[in-house]
Every structure is written in structure tokens, then in C-alpha cells.
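data37.cif (mmCIF, C-alpha atoms and all ligand atoms)
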data_data
loop_
_atom_site.label_atom_id
_atom_site.label_comp_id
_atom_site.auth_asym_id
_atom_site.auth_seq_id
_atom_site.Cartn_x
_atom_site.Cartn_y
_atom_site.Cartn_z
CA MET A 120 -47.14 -69.55 -16.03
CA ASP A 121 -47.22 -72.55 -13.72
CA ARG A 122 -50.95 -73.15 -13.09
CA SER A 123 -50.24 -75.23 -9.98
CA ARG A 124 -48.70 -72.26 -8.21
CA PRO A 125 -50.97 -70.87 -5.40
CA TRP A 126 -52.54 -67.42 -5.88
CA TRP A 127 -50.27 -65.81 -3.31
CA GLY A 128 -47.27 -67.10 -5.26
CA ARG A 129 -48.44 -65.18 -8.29
CA VAL A 130 -48.95 -62.04 -6.23
CA ALA A 131 -45.38 -62.31 -4.88
CA CYS A 132 -44.15 -62.80 -8.40
CA ALA A 133 -45.99 -59.71 -9.63
CA ALA A 134 -44.63 -57.68 -6.71
CA ALA A 135 -41.10 -58.77 -7.52
CA LEU A 136 -41.60 -57.76 -11.15
CA ALA A 137 -42.97 -54.38 -10.10
CA ALA A 138 -39.93 -53.84 -7.87
CA LEU A 139 -37.66 -54.76 -10.75
CA PHE A 140 -39.31 -52.23 -13.04
CA ALA A 141 -39.13 -49.57 -10.37
CA ALA A 142 -35.42 -50.27 -9.84
CA SER A 143 -34.59 -50.24 -13.54
CA GLY A 144 -36.52 -47.01 -13.95
CA ALA A 145 -34.45 -45.19 -11.33
CA PRO A 146 -31.18 -44.63 -13.24
CA ALA A 147 -33.14 -43.89 -16.42
CA ALA A 148 -35.08 -41.17 -14.61
CA ALA A 149 -31.79 -39.62 -13.53
CA GLN A 150 -30.94 -39.27 -17.22
CA GLU A 151 -34.23 -37.55 -17.97
CA SER A 152 -35.83 -40.26 -20.01
CA HIS A 153 -39.27 -39.28 -21.20
CA SER A 154 -40.35 -42.90 -21.41
CA PRO A 155 -41.80 -44.66 -18.33
CA SER A 156 -39.89 -47.82 -19.24
CA GLY A 157 -36.54 -45.98 -19.31
CA LEU A 158 -36.00 -47.02 -22.91
CA GLY A 159 -34.98 -44.40 -25.42
CA ARG A 160 -32.59 -42.61 -23.08
CA PRO A 161 -29.26 -41.25 -24.37
CA LEU A 162 -26.29 -43.64 -24.18
CA THR A 163 -24.05 -43.33 -21.13
CA ALA A 164 -20.37 -42.53 -21.77
CA ALA A 165 -19.43 -46.20 -21.18
CA GLU A 166 -22.12 -47.42 -23.59
CA GLU A 167 -21.04 -44.87 -26.18
CA ARG A 168 -17.48 -46.20 -25.97
CA ASP A 169 -18.70 -49.79 -26.38
CA ARG A 170 -20.76 -49.04 -29.48
CA ILE A 171 -19.86 -51.39 -32.30
CA ILE A 172 -18.70 -49.79 -35.54
CA GLY A 173 -19.99 -51.91 -38.40
CA PRO A 174 -17.74 -53.30 -41.15
CA GLU A 175 -18.76 -50.57 -43.59
CA GLY A 176 -17.53 -47.96 -41.09
CA ALA A 177 -20.56 -45.69 -41.47
CA ASP A 178 -20.49 -44.65 -37.79
CA LEU A 179 -16.77 -44.03 -37.47
CA PRO A 180 -16.17 -40.95 -35.29
CA PRO A 181 -14.03 -37.92 -36.18
CA GLY A 182 -10.29 -38.22 -35.68
CA SER A 183 -7.27 -39.37 -37.66
CA GLY A 184 -3.82 -40.86 -37.48
CA ASN A 185 -0.98 -42.24 -39.58
CA ALA A 186 1.53 -45.07 -39.23
CA ALA A 187 4.31 -42.98 -37.66
CA GLU A 188 1.95 -41.77 -34.94
CA GLY A 189 0.65 -45.33 -34.57
CA ALA A 190 4.13 -46.69 -33.93
CA ILE A 191 4.36 -44.32 -30.97
CA VAL A 192 0.91 -45.34 -29.70
CA PHE A 193 1.90 -48.99 -30.04
CA GLU A 194 4.81 -48.41 -27.69
CA ARG A 195 3.23 -45.88 -25.34
CA ARG A 196 -0.02 -47.79 -24.79
CA GLY A 197 1.78 -51.05 -24.08
CA CYS A 198 0.69 -53.00 -27.17
CA SER A 199 4.32 -54.03 -27.59
CA ILE A 200 4.39 -55.69 -24.17
CA CYS A 201 2.05 -58.45 -25.41
CA HIS A 202 2.41 -58.35 -29.19
CA GLY A 203 6.17 -57.67 -29.31
CA PRO A 204 8.19 -54.52 -30.16
CA THR A 205 7.17 -54.67 -33.85
CA GLY A 206 3.87 -56.52 -33.36
CA GLU A 207 5.25 -59.87 -34.49
CA GLU A 208 7.32 -61.28 -31.66
CA GLY A 209 4.62 -62.01 -29.11
CA PRO A 210 4.16 -63.46 -26.52
CA SER A 211 0.60 -62.78 -27.70
CA ILE A 212 -0.57 -63.33 -31.27
CA SER A 213 1.25 -61.72 -34.19
CA LEU A 214 -0.43 -58.67 -35.73
CA VAL A 215 1.71 -58.71 -38.87
CA GLY A 216 1.43 -61.24 -41.67
CA GLY A 217 0.33 -64.76 -40.85
CA ASP A 218 -1.80 -67.27 -42.70
CA VAL A 219 -5.13 -68.76 -41.81
CA THR A 220 -4.38 -72.42 -41.30
CA THR A 221 -6.25 -75.30 -39.75
CA ARG A 222 -3.94 -74.90 -36.74
CA THR A 223 -4.18 -71.13 -36.35
CA ASN A 224 -6.38 -70.32 -33.39
CA TYR A 225 -6.89 -66.72 -34.48
CA TRP A 226 -7.67 -64.90 -37.70
CA PRO A 227 -4.68 -62.68 -38.68
CA ILE A 228 -5.88 -59.14 -39.26
CA ARG A 229 -4.54 -59.02 -42.82
CA HIS A 230 -7.19 -61.68 -43.63
CA TRP A 231 -10.06 -59.69 -42.15
CA PRO A 232 -12.53 -58.56 -44.83
CA PHE A 233 -13.07 -54.96 -43.66
CA ALA A 234 -10.60 -52.42 -42.28
CA PRO A 235 -13.13 -50.58 -40.03
CA SER A 236 -13.55 -53.84 -38.08
CA ILE A 237 -9.88 -53.64 -37.09
CA TRP A 238 -10.38 -50.10 -35.80
CA ASP A 239 -13.53 -51.21 -33.95
CA TYR A 240 -11.84 -54.21 -32.34
CA ILE A 241 -8.80 -52.23 -31.22
CA ARG A 242 -10.91 -49.35 -29.91
CA ARG A 243 -13.20 -51.54 -27.82
CA VAL A 244 -11.02 -54.51 -26.84
CA MET A 245 -7.35 -53.42 -26.76
CA PRO A 246 -5.14 -53.08 -24.84
CA TYR A 247 -6.35 -56.41 -23.50
CA ASP A 248 -5.59 -55.50 -19.89
CA ARG A 249 -7.04 -51.96 -20.08
CA PRO A 250 -9.69 -51.88 -22.84
CA GLY A 251 -11.22 -48.53 -23.70
CA ILE A 252 -8.23 -46.31 -22.82
CA LEU A 253 -7.41 -45.41 -26.43
CA SER A 254 -8.68 -42.12 -27.82
CA ASP A 255 -10.26 -42.20 -31.26
CA ASP A 256 -7.13 -40.56 -32.73
CA GLU A 257 -4.93 -43.20 -31.13
CA ALA A 258 -7.15 -45.96 -32.54
CA TYR A 259 -6.87 -44.47 -36.06
CA ALA A 260 -3.09 -44.11 -35.70
CA VAL A 261 -2.43 -47.62 -34.42
CA THR A 262 -4.79 -49.09 -37.06
CA ALA A 263 -2.80 -47.16 -39.72
CA TYR A 264 0.42 -48.55 -38.25
CA LEU A 265 -0.84 -52.16 -38.43
CA LEU A 266 -2.28 -51.73 -41.94
CA TYR A 267 1.04 -50.27 -43.06
CA ARG A 268 3.02 -53.09 -41.42
CA ASN A 269 0.80 -55.56 -43.31
CA ASP A 270 1.54 -53.81 -46.66
CA ILE A 271 -2.07 -52.72 -47.06
CA ILE A 272 -1.53 -48.93 -46.99
CA SER A 273 1.45 -46.64 -47.53
CA GLU A 274 3.43 -45.21 -44.63
CA GLU A 275 2.06 -41.70 -45.27
CA ALA A 276 -1.63 -42.65 -45.60
CA VAL A 277 -3.84 -40.92 -43.03
CA MET A 278 -6.66 -43.04 -41.62
CA ASP A 279 -9.94 -41.35 -40.72
CA ALA A 280 -13.69 -41.88 -41.08
CA GLU A 281 -13.40 -41.28 -44.85
CA SER A 282 -10.30 -43.25 -45.78
CA LEU A 283 -10.62 -46.31 -43.55
CA PRO A 284 -13.88 -47.62 -45.11
CA ARG A 285 -12.38 -47.16 -48.60
CA ILE A 286 -9.58 -49.67 -47.98
CA ARG A 287 -9.88 -52.85 -49.96
CA MET A 288 -8.58 -55.65 -47.75
CA PRO A 289 -6.48 -58.25 -49.64
CA SER A 290 -8.70 -61.22 -48.72
CA ARG A 291 -11.97 -59.36 -49.27
CA ASP A 292 -12.95 -61.50 -52.25
CA ASP A 293 -12.69 -64.70 -50.20
CA TYR A 294 -15.79 -63.59 -48.34
CA VAL A 295 -18.91 -64.25 -50.39
CA MET A 296 -22.52 -64.68 -49.46
CA PRO A 297 -23.55 -68.31 -49.90
CA GLY A 298 -25.12 -68.83 -53.32
CA THR A 299 -27.35 -71.68 -54.43
CA TRP A 300 -25.66 -74.92 -53.49
CA THR A 301 -24.84 -77.47 -56.19
CA PRO A 302 -22.68 -80.61 -55.87
CA GLU A 303 -19.84 -78.62 -57.52
CA THR A 304 -19.95 -75.81 -54.96
CA ARG A 305 -16.49 -75.12 -53.56
CA ARG A 306 -16.18 -75.55 -49.81
CA GLY A 307 -14.24 -73.47 -47.29
CA PHE A 308 -11.91 -70.53 -47.71
CA PRO A 309 -9.31 -70.49 -50.50
CA SER A 310 -6.91 -68.84 -48.06
CA LEU A 311 -7.37 -71.65 -45.53
CA THR A 312 -4.30 -73.70 -46.23
CA GLU A 313 -3.86 -77.19 -44.83
CA ARG A 314 -0.81 -77.26 -42.55
C1 LIG B 1 -2.10 -57.70 -21.98
C2 LIG B 1 -1.76 -58.18 -23.30
C3 LIG B 1 -2.18 -57.35 -24.50
C4 LIG B 1 -1.99 -56.01 -24.72
C5 LIG B 1 -1.35 -54.98 -23.80
C6 LIG B 1 -2.52 -55.75 -26.03
N1 LIG B 1 -3.02 -56.88 -26.60
FE1 LIG B 1 -3.86 -57.06 -28.43
N2 LIG B 1 -4.30 -59.00 -28.04
C7 LIG B 1 -3.98 -59.68 -26.88
C8 LIG B 1 -4.58 -61.00 -26.93
C9 LIG B 1 -4.48 -62.05 -25.84
C10 LIG B 1 -5.27 -61.08 -28.16
C11 LIG B 1 -6.13 -62.24 -28.65
C12 LIG B 1 -7.49 -62.04 -28.06
C13 LIG B 1 -8.48 -63.08 -28.48
O1 LIG B 1 -8.31 -63.73 -29.50
O2 LIG B 1 -9.50 -63.20 -27.76
C14 LIG B 1 -5.08 -59.82 -28.84
C15 LIG B 1 -5.60 -59.51 -30.08
C16 LIG B 1 -5.38 -58.34 -30.77
C17 LIG B 1 -5.84 -58.05 -32.10
C18 LIG B 1 -6.65 -59.00 -32.98
C19 LIG B 1 -5.69 -59.82 -33.79
C20 LIG B 1 -6.37 -60.92 -34.59
O3 LIG B 1 -5.85 -61.26 -35.64
O4 LIG B 1 -7.40 -61.47 -34.12
C21 LIG B 1 -5.43 -56.80 -32.41
C22 LIG B 1 -5.66 -56.07 -33.72
C23 LIG B 1 -4.72 -56.29 -31.26
N3 LIG B 1 -4.70 -57.25 -30.27
C24 LIG B 1 -4.14 -55.03 -31.19
C25 LIG B 1 -3.61 -54.49 -30.02
C26 LIG B 1 -3.22 -53.11 -29.89
C27 LIG B 1 -3.28 -52.08 -30.98
C28 LIG B 1 -2.80 -52.96 -28.59
C29 LIG B 1 -2.38 -51.68 -27.92
C30 LIG B 1 -3.30 -50.59 -27.95
C31 LIG B 1 -2.90 -54.25 -27.94
N4 LIG B 1 -3.40 -55.15 -28.84
C32 LIG B 1 -2.53 -54.49 -26.63
C33 LIG B 1 -3.22 -59.20 -25.86
C34 LIG B 1 -2.84 -57.89 -25.68
#

Reformat the file's structure so that it appears as C-alpha cells.
Ligand code: HEC
Amino acid sequence: MDRSRPWWGRVACAAALAALFAASGAPAAAQESHSPSGLGRPLTAAEERDRIIGPEGADLPPGSGNAAEGAIVFERRGCSICHGPTGEEGPSISLVGGDVTTRTNYWPIRHWPFAPSIWDYIRRVMPYDRPGILSDDEAYAVTAYLLYRNDIISEEAVMDAESLPRIRMPSRDDYVMPGTWTPETRRGFPSLTER
């Protein structure tokens, strides 16, 4: 704390802090938190929807979908407006194929290391103009559709909390934890082609 500040300045500061705590406690109290700080309360519906599903997919919720259903979601939820009728034409980035190059300003999903991350991204971030509108089933279906279009799963494969984490992404082996460095250590990604 600034020692040169007069005593009444510190009092004002403490009062402001107290007011802040009181204010932040109010919504928590409404949710029946048993903690005076308001921490430890249940997640709100919006927070629950924003929860990140880790790459190993351990927290994936119930639900399922396949590529045929996903093609319908892709159209009905407006994905095609930005990504193109088949996900390749744009105007926004292509969701099918694509290489990681020094000039690519995005990381094509077929190069992502873990399939649950695709589900997580779509569920929380897409559609770009209305994030959060997809149901869990719709997110599974449209993820299945994009994995199928990228030749990673078959057209019939059903994606759910069990099957999605089991998918081995084609570039998975490019992602390694850094080992002990030696002058011979290879740099960069093998899939990062110079273009
Ligand atoms: C309003 C335009 C718009 C709509 C609608 C939209 N997207 Fe996107 N999408 C984007 C943009 C822009 C990006 C790139 C975002 C970024 O890099 O920050 C993106 C990125 C993505 C990515 C990540 C691709 C990568 O390789 O990084 C996926 C997957 C995706 N969108 C799927 C979908 C799906 C599925 C839907 C429909 C439910 C959808 N999008 C609807 C604009 C849109």
C-alpha cells in the first residue's frame, strides 16, 4: 500500500472494498451459497454452457449424433452461410482438408491433436454470430459430420462421450512434449510446410 496516502484515504479504500464484497455476495446468496465469500456455489446455466471440455474428453456430456444428422445441423444452424454449403467454400475458413502452412492464419481442424477439442470449440464458440445455441446432440452430430468430411471417421460412426475421445487424430503424433534439447533436436512441426 502507498504509505504516503493519508489515513482517511485508507479508510475510504477499505469502505470501497467492503462495498465490493457486499455486492459480489448478493447474487451468490440468491443461489444459496453456504460460503460467506460466495465461492463454491453451483454454476449458473450460462457458466455451465461455457465450461471447457478438455482434450481427453473426460467431461463430455450425454448425447450423440452422426454425420447425416450433422449435415442437417450444418445447414439448419447456419454454419453453411459462413463456411460454405459443404464447409469448404467460405467466405469463412474451410473446415475440410487444408494444410498448416506458414501463410495459414488458422489451424485446420484435421490437424488438431484431439477430437473432443473440436466438439468443445463448436459447442462454445459456433455459430460465430450466435454462440451457445447448439444442443449437445447437435454439437456431436456436426462434429461427426466434419470428422467424416475430413476422412477421419466413417459416415455411420456415432459420436458420443465414449467414441469421441477414442478417435486418433491423423496429426496426433506431431504433438510431443518437449524432450531434452540437444543441437540435433528437430525444430517445428513436420506438418508445417513452407509455402
Ligand atoms: C457468422 C459466421 C460463422 C458462422 C455462422 C459459423 N462460423 Fe465457424 N467460424 C467462423 C469464423 C470467422 C471462424 C474463425 C474464428 C477464429 O479463428 O477466431 C470459424 C471457425 C470455426 C471452426 C474452427 C476451424 C479451425 O480450423 O480453426 C470450426 C470447427 C467451426 N467454425 C465450425 C462451425 C460450425 C459447426 C458452425 C455452425 C454450427 C459454424 N462454424 C458457424 C465463422 C462462422

Between A:Ala165, A:Val277, A:Leu266, A:Leu253, which has the minimum distance to A:Gly216 (counting all atoms listed in the file)?
->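 Closest residue, counting all atoms listed in the file: A:Leu266.
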
Could the residues of chain A that have an atom at most 10 Å from ligand LIG 1 (chain B) be listed as JSON lines, each with its closest atom pair and the distance in Å to one decimal, counting all atoms listed in the file and ordered by chain and ascending residue number?
{"residue": "A:Gly189", "atom": "CA", "partner": "B:LIG1", "partner_atom": "C27", "distance": 8.6}
{"residue": "A:Ala190", "atom": "CA", "partner": "B:LIG1", "partner_atom": "C27", "distance": 9.6}
{"residue": "A:Val192", "atom": "CA", "partner": "B:LIG1", "partner_atom": "C30", "distance": 7.0}
{"residue": "A:Phe193", "atom": "CA", "partner": "B:LIG1", "partner_atom": "C29", "distance": 5.5}
{"residue": "A:Glu194", "atom": "CA", "partner": "B:LIG1", "partner_atom": "C29", "distance": 7.9}
{"residue": "A:Arg195", "atom": "CA", "partner": "B:LIG1", "partner_atom": "C30", "distance": 8.5}
{"residue": "A:Arg196", "atom": "CA", "partner": "B:LIG1", "partner_atom": "C30", "distance": 5.3}
{"residue": "A:Gly197", "atom": "CA", "partner": "B:LIG1", "partner_atom": "C5", "distance": 5.0}
{"residue": "A:Cys198", "atom": "CA", "partner": "B:LIG1", "partner_atom": "C29", "distance": 3.4}
{"residue": "A:Ser199", "atom": "CA", "partner": "B:LIG1", "partner_atom": "C5", "distance": 6.9}
{"residue": "A:Ile200", "atom": "CA", "partner": "B:LIG1", "partner_atom": "C5", "distance": 5.8}
{"residue": "A:Cys201", "atom": "CA", "partner": "B:LIG1", "partner_atom": "C2", "distance": 4.4}
{"residue": "A:His202", "atom": "CA", "partner": "B:LIG1", "partner_atom": "N1", "distance": 6.2}
{"residue": "A:Gly203", "atom": "CA", "partner": "B:LIG1", "partner_atom": "C6", "distance": 9.5}
{"residue": "A:Gly206", "atom": "CA", "partner": "B:LIG1", "partner_atom": "C24", "distance": 8.4}
{"residue": "A:Gly209", "atom": "CA", "partner": "B:LIG1", "partner_atom": "C33", "distance": 8.9}
{"residue": "A:Pro210", "atom": "CA", "partner": "B:LIG1", "partner_atom": "C33", "distance": 8.5}
{"residue": "A:Ser211", "atom": "CA", "partner": "B:LIG1", "partner_atom": "C9", "distance": 5.5}
{"residue": "A:Ile212", "atom": "CA", "partner": "B:LIG1", "partner_atom": "C10", "distance": 6.1}
{"residue": "A:Ser213", "atom": "CA", "partner": "B:LIG1", "partner_atom": "C19", "distance": 7.2}
{"residue": "A:Leu214", "atom": "CA", "partner": "B:LIG1", "partner_atom": "C19", "distance": 5.7}
{"residue": "A:Val215", "atom": "CA", "partner": "B:LIG1", "partner_atom": "O3", "distance": 8.6}
{"residue": "A:Gly216", "atom": "CA", "partner": "B:LIG1", "partner_atom": "O3", "distance": 9.5}
{"residue": "A:Gly217", "atom": "CA", "partner": "B:LIG1", "partner_atom": "O3", "distance": 8.8}
{"residue": "A:Val219", "atom": "CA", "partner": "B:LIG1", "partner_atom": "O3", "distance": 9.7}
{"residue": "A:Asn224", "atom": "CA", "partner": "B:LIG1", "partner_atom": "O1", "distance": 7.9}
{"residue": "A:Tyr225", "atom": "CA", "partner": "B:LIG1", "partner_atom": "O4", "distance": 5.3}
{"residue": "A:Trp226", "atom": "CA", "partner": "B:LIG1", "partner_atom": "O3", "distance": 4.6}
{"residue": "A:Pro227", "atom": "CA", "partner": "B:LIG1", "partner_atom": "O3", "distance": 3.6}
{"residue": "A:Ile228", "atom": "CA", "partner": "B:LIG1", "partner_atom": "O3", "distance": 4.2}
{"residue": "A:Arg229", "atom": "CA", "partner": "B:LIG1", "partner_atom": "O3", "distance": 7.6}
{"residue": "A:His230", "atom": "CA", "partner": "B:LIG1", "partner_atom": "O3", "distance": 8.1}
{"residue": "A:Trp231", "atom": "CA", "partner": "B:LIG1", "partner_atom": "O3", "distance": 7.9}
{"residue": "A:Ser236", "atom": "CA", "partner": "B:LIG1", "partner_atom": "C22", "distance": 9.3}
{"residue": "A:Ile237", "atom": "CA", "partner": "B:LIG1", "partner_atom": "C22", "distance": 5.9}
{"residue": "A:Trp238", "atom": "CA", "partner": "B:LIG1", "partner_atom": "C22", "distance": 7.9}
{"residue": "A:Asp239", "atom": "CA", "partner": "B:LIG1", "partner_atom": "C22", "distance": 9.3}
{"residue": "A:Tyr240", "atom": "CA", "partner": "B:LIG1", "partner_atom": "C22", "distance": 6.6}
{"residue": "A:Ile241", "atom": "CA", "partner": "B:LIG1", "partner_atom": "C24", "distance": 5.4}
{"residue": "A:Arg242", "atom": "CA", "partner": "B:LIG1", "partner_atom": "C30", "distance": 8.0}
{"residue": "A:Arg243", "atom": "CA", "partner": "B:LIG1", "partner_atom": "C30", "distance": 9.9}
{"residue": "A:Val244", "atom": "CA", "partner": "B:LIG1", "partner_atom": "N3", "distance": 7.7}
{"residue": "A:Met245", "atom": "CA", "partner": "B:LIG1", "partner_atom": "C31", "distance": 4.7}
{"residue": "A:Pro246", "atom": "CA", "partner": "B:LIG1", "partner_atom": "C32", "distance": 3.5}
{"residue": "A:Tyr247", "atom": "CA", "partner": "B:LIG1", "partner_atom": "C34", "distance": 4.4}
{"residue": "A:Asp248", "atom": "CA", "partner": "B:LIG1", "partner_atom": "C1", "distance": 4.6}
{"residue": "A:Arg249", "atom": "CA", "partner": "B:LIG1", "partner_atom": "C5", "distance": 7.4}
{"residue": "A:Pro250", "atom": "CA", "partner": "B:LIG1", "partner_atom": "C30", "distance": 8.3}
{"residue": "A:Gly251", "atom": "CA", "partner": "B:LIG1", "partner_atom": "C30", "distance": 9.2}
{"residue": "A:Ile252", "atom": "CA", "partner": "B:LIG1", "partner_atom": "C30", "distance": 8.3}
{"residue": "A:Leu253", "atom": "CA", "partner": "B:LIG1", "partner_atom": "C30", "distance": 6.8}
{"residue": "A:Glu257", "atom": "CA", "partner": "B:LIG1", "partner_atom": "C30", "distance": 8.2}
{"residue": "A:Ala258", "atom": "CA", "partner": "B:LIG1", "partner_atom": "C27", "distance": 7.4}
{"residue": "A:Tyr259", "atom": "CA", "partner": "B:LIG1", "partner_atom": "C27", "distance": 9.8}
{"residue": "A:Ala260", "atom": "CA", "partner": "B:LIG1", "partner_atom": "C27", "distance": 9.3}
{"residue": "A:Val261", "atom": "CA", "partner": "B:LIG1", "partner_atom": "C27", "distance": 5.7}
{"residue": "A:Thr262", "atom": "CA", "partner": "B:LIG1", "partner_atom": "C27", "distance": 6.9}
{"residue": "A:Tyr264", "atom": "CA", "partner": "B:LIG1", "partner_atom": "C27", "distance": 8.9}
{"residue": "A:Leu265", "atom": "CA", "partner": "B:LIG1", "partner_atom": "C22", "distance": 7.8}
{"residue": "A:Leu266", "atom": "CA", "partner": "B:LIG1", "partner_atom": "C22", "distance": 9.9}

Output C-alpha atoms for every residue in the selection just made, as a short mmCIF file (atom, residue, chain, number, x, y, z; two decimals), in the coordinates of the input.
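Written output follows (result-v6.cif):
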data_model
loop_
_atom_site.label_atom_id
_atom_site.label_comp_id
_atom_site.auth_asym_id
_atom_site.auth_seq_id
_atom_site.Cartn_x
_atom_site.Cartn_y
_atom_site.Cartn_z
CA GLY A 189 0.65 -45.33 -34.57
CA ALA A 190 4.13 -46.69 -33.93
CA VAL A 192 0.91 -45.34 -29.70
CA PHE A 193 1.90 -48.99 -30.04
CA GLU A 194 4.81 -48.41 -27.69
CA ARG A 195 3.23 -45.88 -25.34
CA ARG A 196 -0.02 -47.79 -24.79
CA GLY A 197 1.78 -51.05 -24.08
CA CYS A 198 0.69 -53.00 -27.17
CA SER A 199 4.32 -54.03 -27.59
CA ILE A 200 4.39 -55.69 -24.17
CA CYS A 201 2.05 -58.45 -25.41
CA HIS A 202 2.41 -58.35 -29.19
CA GLY A 203 6.17 -57.67 -29.31
CA GLY A 206 3.87 -56.52 -33.36
CA GLY A 209 4.62 -62.01 -29.11
CA PRO A 210 4.16 -63.46 -26.52
CA SER A 211 0.60 -62.78 -27.70
CA ILE A 212 -0.57 -63.33 -31.27
CA SER A 213 1.25 -61.72 -34.19
CA LEU A 214 -0.43 -58.67 -35.73
CA VAL A 215 1.71 -58.71 -38.87
CA GLY A 216 1.43 -61.24 -41.67
CA GLY A 217 0.33 -64.76 -40.85
CA VAL A 219 -5.13 -68.76 -41.81
CA ASN A 224 -6.38 -70.32 -33.39
CA TYR A 225 -6.89 -66.72 -34.48
CA TRP A 226 -7.67 -64.90 -37.70
CA PRO A 227 -4.68 -62.68 -38.68
CA ILE A 228 -5.88 -59.14 -39.26
CA ARG A 229 -4.54 -59.02 -42.82
CA HIS A 230 -7.19 -61.68 -43.63
CA TRP A 231 -10.06 -59.69 -42.15
CA SER A 236 -13.55 -53.84 -38.08
CA ILE A 237 -9.88 -53.64 -37.09
CA TRP A 238 -10.38 -50.10 -35.80
CA ASP A 239 -13.53 -51.21 -33.95
CA TYR A 240 -11.84 -54.21 -32.34
CA ILE A 241 -8.80 -52.23 -31.22
CA ARG A 242 -10.91 -49.35 -29.91
CA ARG A 243 -13.20 -51.54 -27.82
CA VAL A 244 -11.02 -54.51 -26.84
CA MET A 245 -7.35 -53.42 -26.76
CA PRO A 246 -5.14 -53.08 -24.84
CA TYR A 247 -6.35 -56.41 -23.50
CA ASP A 248 -5.59 -55.50 -19.89
CA ARG A 249 -7.04 -51.96 -20.08
CA PRO A 250 -9.69 -51.88 -22.84
CA GLY A 251 -11.22 -48.53 -23.70
CA ILE A 252 -8.23 -46.31 -22.82
CA LEU A 253 -7.41 -45.41 -26.43
CA GLU A 257 -4.93 -43.20 -31.13
CA ALA A 258 -7.15 -45.96 -32.54
CA TYR A 259 -6.87 -44.47 -36.06
CA ALA A 260 -3.09 -44.11 -35.70
CA VAL A 261 -2.43 -47.62 -34.42
CA THR A 262 -4.79 -49.09 -37.06
CA TYR A 264 0.42 -48.55 -38.25
CA LEU A 265 -0.84 -52.16 -38.43
CA LEU A 266 -2.28 -51.73 -41.94
#

So which residues touch A:Ala164 within 12 Å, counting all atoms listed in the file, skipping near sequence neighbours fewer than 4 positions away, as JSON, numbers by chain?
-> {"A": [150, 168, 169, 170, 251]}

Pick out the residues sitting within 6 Å of stretch 283-297 of chain A, and hand them over as a PyMOL selection string; count only C-alpha atoms, and ignore anything fewer than 6 positions along from it in its own chain.
-> chain A and resi 175-176+230+232+235

Since we have the selection now, will you write its residues out, keeping C-alpha atoms, as a PDB file, keeping the file's coordinate frame?
ATOM      1  CA  GLU A 175     -18.760 -50.570 -43.590  1.00  0.00           C
ATOM      2  CA  GLY A 176     -17.530 -47.960 -41.090  1.00  0.00           C
ATOM      3  CA  HIS A 230      -7.190 -61.680 -43.630  1.00  0.00           C
ATOM      4  CA  PRO A 232     -12.530 -58.560 -44.830  1.00  0.00           C
ATOM      5  CA  PRO A 235     -13.130 -50.580 -40.030  1.00  0.00           C
TER       6      PRO A 235
END

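Between atom CA of A:Ser273 and atom CA of A:Ile191 the interatomic distance comes to 17.0 Å.
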
Spatial neighbours of stretch 180-182 of chain A, 7 Å, only C-alpha atoms, chain gap at least 5 places, as an MDAnalysis selection string | chainID A and resid 255:256 279:280

Residue nearest A:Glu275 - candidates A:Thr205, A:Asn185, A:Thr163, A:Ser156, atoms counted: all atoms listed in the file =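 Using all atoms listed in the file, A:Glu275 sits closest to A:Asn185.
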
Pairwise distance for atom CA of A:Leu162 and atom CA of A:Asp178, rounded to one decimal in Å | 14.8 Å
